[in-house]
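With mmCIF, C-alpha atoms inside, this is entry.cif:
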```cif
data_target
#
loop_
_atom_site.group_PDB
_atom_site.id
_atom_site.type_symbol
_atom_site.label_atom_id
_atom_site.label_comp_id
_atom_site.auth_asym_id
_atom_site.auth_seq_id
_atom_site.Cartn_x
_atom_site.Cartn_y
_atom_site.Cartn_z
ATOM 1 C CA MET M 42 0.000 0.000 0.000
ATOM 2 C CA ALA M 43 1.306 3.437 -0.903
ATOM 3 C CA THR M 44 1.588 6.004 1.860
ATOM 4 C CA LEU M 45 1.375 9.349 0.110
ATOM 5 C CA HIS M 46 0.591 12.743 1.529
ATOM 6 C CA ASN M 47 0.372 15.783 -0.745
ATOM 7 C CA ALA M 48 1.714 13.692 -3.588
ATOM 8 C CA GLU M 49 0.394 12.286 -6.832
ATOM 9 C CA LEU M 50 -0.734 8.684 -6.803
ATOM 10 C CA SER M 51 -0.464 7.370 -10.331
ATOM 11 C CA LEU M 52 -2.771 4.560 -11.385
ATOM 12 C CA ALA M 53 -0.538 3.789 -14.366
ATOM 13 C CA GLY M 54 0.822 0.286 -14.098
ATOM 14 C CA LYS M 55 -1.318 -0.467 -11.046
ATOM 15 C CA THR M 56 -4.246 -1.965 -12.961
ATOM 16 C CA PRO M 57 -4.231 -5.677 -12.271
ATOM 17 C CA THR M 58 -4.194 -7.531 -15.576
ATOM 18 C CA ALA M 59 -4.732 -11.181 -14.800
ATOM 19 C CA PRO M 60 -7.783 -12.292 -16.781
ATOM 20 C CA PRO M 61 -9.865 -14.236 -16.165
ATOM 21 C CA SER M 62 -9.165 -13.789 -12.439
ATOM 22 C CA TRP M 63 -10.387 -10.739 -10.542
ATOM 23 C CA VAL M 64 -7.770 -8.885 -8.492
ATOM 24 C CA ASN M 65 -8.107 -6.177 -5.805
ATOM 25 C CA ALA M 66 -5.066 -4.035 -5.083
ATOM 26 C CA GLU M 67 -5.072 -1.713 -2.056
ATOM 27 C CA LEU M 68 -3.747 1.715 -3.001
ATOM 28 C CA THR M 69 -4.018 3.925 0.054
ATOM 29 C CA THR M 70 -5.994 4.687 3.226
ATOM 30 C CA MET M 71 -7.759 7.986 3.889
ATOM 31 C CA ASN M 72 -9.942 8.947 6.869
ATOM 32 C CA SER M 73 -10.435 5.315 7.881
ATOM 33 C CA SER M 74 -11.421 4.358 4.323
ATOM 34 C CA ILE M 75 -9.497 2.050 2.061
ATOM 35 C CA VAL M 76 -9.168 2.953 -1.578
ATOM 36 C CA LEU M 77 -9.049 -0.232 -3.611
ATOM 37 C CA HIS M 78 -8.163 -0.226 -7.276
ATOM 38 C CA SER M 79 -9.854 -3.237 -8.738
ATOM 39 C CA GLY M 80 -9.614 -4.734 -12.176
ATOM 40 C CA GLY M 81 -8.552 -7.575 -14.364
ATOM 41 C CA GLY M 82 -10.846 -10.139 -15.874
ATOM 42 C CA GLU M 83 -14.449 -10.968 -15.285
ATOM 43 C CA LEU M 84 -16.148 -11.142 -11.905
ATOM 44 C CA VAL M 85 -19.393 -12.813 -10.912
ATOM 45 C CA GLY M 86 -19.387 -12.207 -7.178
ATOM 46 C CA SER M 87 -21.350 -13.907 -4.437
ATOM 47 C CA TRP M 88 -24.304 -12.328 -2.665
ATOM 48 C CA HIS M 89 -23.161 -10.532 0.473
ATOM 49 C CA SER M 90 -23.715 -7.581 2.760
ATOM 50 C CA GLN M 91 -21.130 -5.607 4.644
ATOM 51 C CA ASP M 92 -20.953 -3.596 7.831
ATOM 52 C CA SER M 93 -20.031 -0.319 6.122
ATOM 53 C CA ASP M 94 -21.081 1.724 3.115
ATOM 54 C CA GLU M 95 -19.218 1.117 -0.138
ATOM 55 C CA VAL M 96 -18.775 3.369 -3.174
ATOM 56 C CA LEU M 97 -17.774 1.810 -6.502
ATOM 57 C CA VAL M 98 -16.519 4.136 -9.261
ATOM 58 C CA VAL M 99 -16.366 2.605 -12.738
ATOM 59 C CA LEU M 100 -13.298 3.841 -14.612
ATOM 60 C CA ALA M 101 -13.634 1.483 -17.587
ATOM 61 C CA GLY M 102 -16.077 -1.215 -18.643
ATOM 62 C CA VAL M 103 -19.438 -2.064 -17.114
ATOM 63 C CA LEU M 104 -20.406 -3.005 -13.565
ATOM 64 C CA GLU M 105 -23.692 -4.697 -12.777
ATOM 65 C CA VAL M 106 -24.824 -4.662 -9.159
ATOM 66 C CA ASP M 107 -27.543 -7.181 -8.367
ATOM 67 C CA THR M 108 -29.814 -6.053 -5.517
ATOM 68 C CA GLU M 109 -33.004 -7.440 -4.015
ATOM 69 C CA GLU M 110 -34.901 -4.902 -6.168
ATOM 70 C CA GLY M 111 -33.140 -5.982 -9.367
ATOM 71 C CA PRO M 112 -29.942 -5.261 -11.282
ATOM 72 C CA ILE M 113 -28.362 -1.804 -11.570
ATOM 73 C CA THR M 114 -25.990 -1.183 -14.486
ATOM 74 C CA VAL M 115 -23.144 1.276 -13.865
ATOM 75 C CA THR M 116 -20.999 2.405 -16.799
ATOM 76 C CA ALA M 117 -17.601 4.093 -17.102
ATOM 77 C CA GLY M 118 -17.596 7.560 -15.549
ATOM 78 C CA SER M 119 -20.379 6.700 -13.074
ATOM 79 C CA LEU M 120 -20.556 5.384 -9.513
ATOM 80 C CA ILE M 121 -22.865 3.565 -7.149
ATOM 81 C CA HIS M 122 -23.211 3.972 -3.375
ATOM 82 C CA ILE M 123 -24.125 0.726 -1.623
ATOM 83 C CA LYS M 124 -25.437 1.270 1.897
ATOM 84 C CA GLU M 125 -24.296 -0.704 4.930
ATOM 85 C CA GLY M 126 -26.239 -3.965 5.277
ATOM 86 C CA GLU M 127 -27.628 -3.870 1.697
ATOM 87 C CA PRO M 128 -27.640 -7.402 0.198
ATOM 88 C CA HIS M 129 -25.927 -7.289 -3.201
ATOM 89 C CA ARG M 130 -23.411 -8.832 -5.519
ATOM 90 C CA VAL M 131 -21.253 -7.318 -8.222
ATOM 91 C CA CYS M 132 -20.600 -8.637 -11.700
ATOM 92 C CA THR M 133 -18.304 -7.177 -14.336
ATOM 93 C CA GLU M 134 -17.440 -7.648 -17.945
ATOM 94 C CA PRO M 135 -13.837 -8.533 -18.813
ATOM 95 C CA GLY M 136 -11.599 -5.455 -18.722
ATOM 96 C CA THR M 137 -13.673 -3.529 -16.184
ATOM 97 C CA THR M 138 -11.689 -1.279 -13.844
ATOM 98 C CA LEU M 139 -13.091 0.103 -10.584
ATOM 99 C CA LEU M 140 -12.093 2.289 -7.674
ATOM 100 C CA ALA M 141 -13.782 1.044 -4.518
ATOM 101 C CA PHE M 142 -14.043 3.016 -1.286
ATOM 102 C CA GLU M 143 -14.962 1.240 1.956
ATOM 103 C CA SER M 144 -14.154 1.379 5.658
ATOM 104 C CA VAL M 145 -10.918 -0.102 6.924
ATOM 105 C CA GLY M 146 -11.673 -3.566 8.297
ATOM 106 C CA ALA M 147 -15.100 -3.778 6.646
ATOM 107 C CA LYS M 148 -16.578 -7.211 7.227
ATOM 108 C CA ARG M 149 -18.550 -9.068 4.567
ATOM 109 C CA THR M 150 -21.244 -11.621 5.320
ATOM 110 C CA THR M 151 -21.944 -14.144 2.558
ATOM 111 C CA LEU M 152 -25.666 -14.526 1.834
ATOM 112 C CA ASP M 153 -27.848 -16.868 -0.182
ATOM 113 C CA GLY M 154 -29.294 -15.109 -3.192
ATOM 114 C CA PRO M 155 -31.038 -15.847 -6.456
ATOM 115 C CA SER M 156 -29.111 -17.371 -9.326
ATOM 116 C CA ARG M 157 -27.833 -15.040 -11.990
ATOM 117 C CA ALA M 158 -29.931 -15.368 -15.146
#
```
Represent the structure contained in this file as structure tokens.
Amino acid sequence: MATLHNAELSLAGKTPTAPPSWVNAELTTMNSSIVLHSGGGELVGSWHSQDSDEVLVVLAGVLEVDTEEGPITVTAGSLIHIKEGEPHRVCTEPGTTLLAFESVGAKRTTLDGPSRA
């Protein structure tokens, strides 16, 4: 993890490129939040909830967030705020790159959910 203060944090060369696996790489911590740079391959995540809010910013590609109310599609240049305790799962197309913001030490609870159609 980079420890930078008043300095540029370049994302160049930090994008994980290990298709088809999904990789999360921790970049830095700010105000008790972790900034994760996520990317590389395709992800069909499991249903879960977590004990803190999460913000996912799509830098490239397409993110689909399945919720109890139905899927939400988030495209490059957009973000989604997932509230603490909200059951969800994330799915991406190959080549999707995200920045994820969540609390340090956030705990995930795996849940049963519907099958992905």
Range 140-146 of chain M surroundings by all atoms listed in the file, 9 Å radius, close-in-sequence under 2 positions cut, as a compact mmCIF listing (two decimals) with C-alpha atoms, in the coordinates of the input:
```txt
# COMPACT_ATOMS: atom_id res chain seq x y z
CA THR M 70 -5.99 4.69 3.23
CA ASN M 72 -9.94 8.95 6.87
CA SER M 73 -10.44 5.32 7.88
CA SER M 74 -11.42 4.36 4.32
CA ILE M 75 -9.50 2.05 2.06
CA VAL M 76 -9.17 2.95 -1.58
CA LEU M 77 -9.05 -0.23 -3.61
CA HIS M 78 -8.16 -0.23 -7.28
CA SER M 79 -9.85 -3.24 -8.74
CA GLY M 80 -9.61 -4.73 -12.18
CA ASP M 92 -20.95 -3.60 7.83
CA SER M 93 -20.03 -0.32 6.12
CA ASP M 94 -21.08 1.72 3.12
CA GLU M 95 -19.22 1.12 -0.14
CA VAL M 96 -18.77 3.37 -3.17
CA LEU M 97 -17.77 1.81 -6.50
CA VAL M 98 -16.52 4.14 -9.26
CA VAL M 99 -16.37 2.60 -12.74
CA LEU M 100 -13.30 3.84 -14.61
CA THR M 138 -11.69 -1.28 -13.84
CA LYS M 148 -16.58 -7.21 7.23
```
>> Show me the residues close to (-15.7, -10.3, -12.5) - anything with an atom within 7 Å, counting only C-alpha atoms - and format the list as number ranges by chain.
In response: M: 63, 82-86, 132-135
Between CA of Leu104 in chain M and CA of Arg149 in chain M lies a distance of 19.2 Å
Please identify all polymer residues within 7 Å of Asp107 in chain M, counting only C-alpha atoms, omitting same-chain residues fewer than 6 positions from it, and present them as a PDB file with C-alpha atoms, in the coordinates of the input.
```
ATOM      1  CA  ILE M 113     -28.362  -1.804 -11.570  1.00  0.00           C
ATOM      2  CA  HIS M 129     -25.927  -7.289  -3.201  1.00  0.00           C
ATOM      3  CA  ARG M 130     -23.411  -8.832  -5.519  1.00  0.00           C
ATOM      4  CA  VAL M 131     -21.253  -7.318  -8.222  1.00  0.00           C
TER       5      VAL M 131
END
```
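Of the residues under consideration (M:Ala66, M:Val106, M:Val115, M:Ala101), M:Ala101 shows the shortest atom-to-atom contact distance to Leu139 in chain M when counting all atoms listed in the file.
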Practice item. Enter the distance from CA of Thr69 in chain M to CA of Ser90 in chain M, in Å, rounded to one decimal. Key: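 Taking CA of Thr69 in chain M as the start and CA of Ser90 in chain M as the end point, the length is 23.0 Å.
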Measure the distance from CA of Asp153 in chain M to CA of His89 in chain M in Å and round it to one decimal.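 The value is 7.9 Å.
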Can you find the residues with an atom no farther than 9 Å from (-28.6, -9.2, 2.9), counting only C-alpha atoms, and report them as a PDB file with C-alpha atoms, keeping the file's coordinate frame?
```
ATOM      1  CA  TRP M  88     -24.304 -12.328  -2.665  1.00  0.00           C
ATOM      2  CA  HIS M  89     -23.161 -10.532   0.473  1.00  0.00           C
ATOM      3  CA  SER M  90     -23.715  -7.581   2.760  1.00  0.00           C
ATOM      4  CA  GLN M  91     -21.130  -5.607   4.644  1.00  0.00           C
ATOM      5  CA  GLU M 109     -33.004  -7.440  -4.015  1.00  0.00           C
ATOM      6  CA  GLY M 126     -26.239  -3.965   5.277  1.00  0.00           C
ATOM      7  CA  GLU M 127     -27.628  -3.870   1.697  1.00  0.00           C
ATOM      8  CA  PRO M 128     -27.640  -7.402   0.198  1.00  0.00           C
ATOM      9  CA  HIS M 129     -25.927  -7.289  -3.201  1.00  0.00           C
ATOM     10  CA  THR M 150     -21.244 -11.621   5.320  1.00  0.00           C
ATOM     11  CA  THR M 151     -21.944 -14.144   2.558  1.00  0.00           C
ATOM     12  CA  LEU M 152     -25.666 -14.526   1.834  1.00  0.00           C
ATOM     13  CA  ASP M 153     -27.848 -16.868  -0.182  1.00  0.00           C
ATOM     14  CA  GLY M 154     -29.294 -15.109  -3.192  1.00  0.00           C
TER      15      GLY M 154
END
```
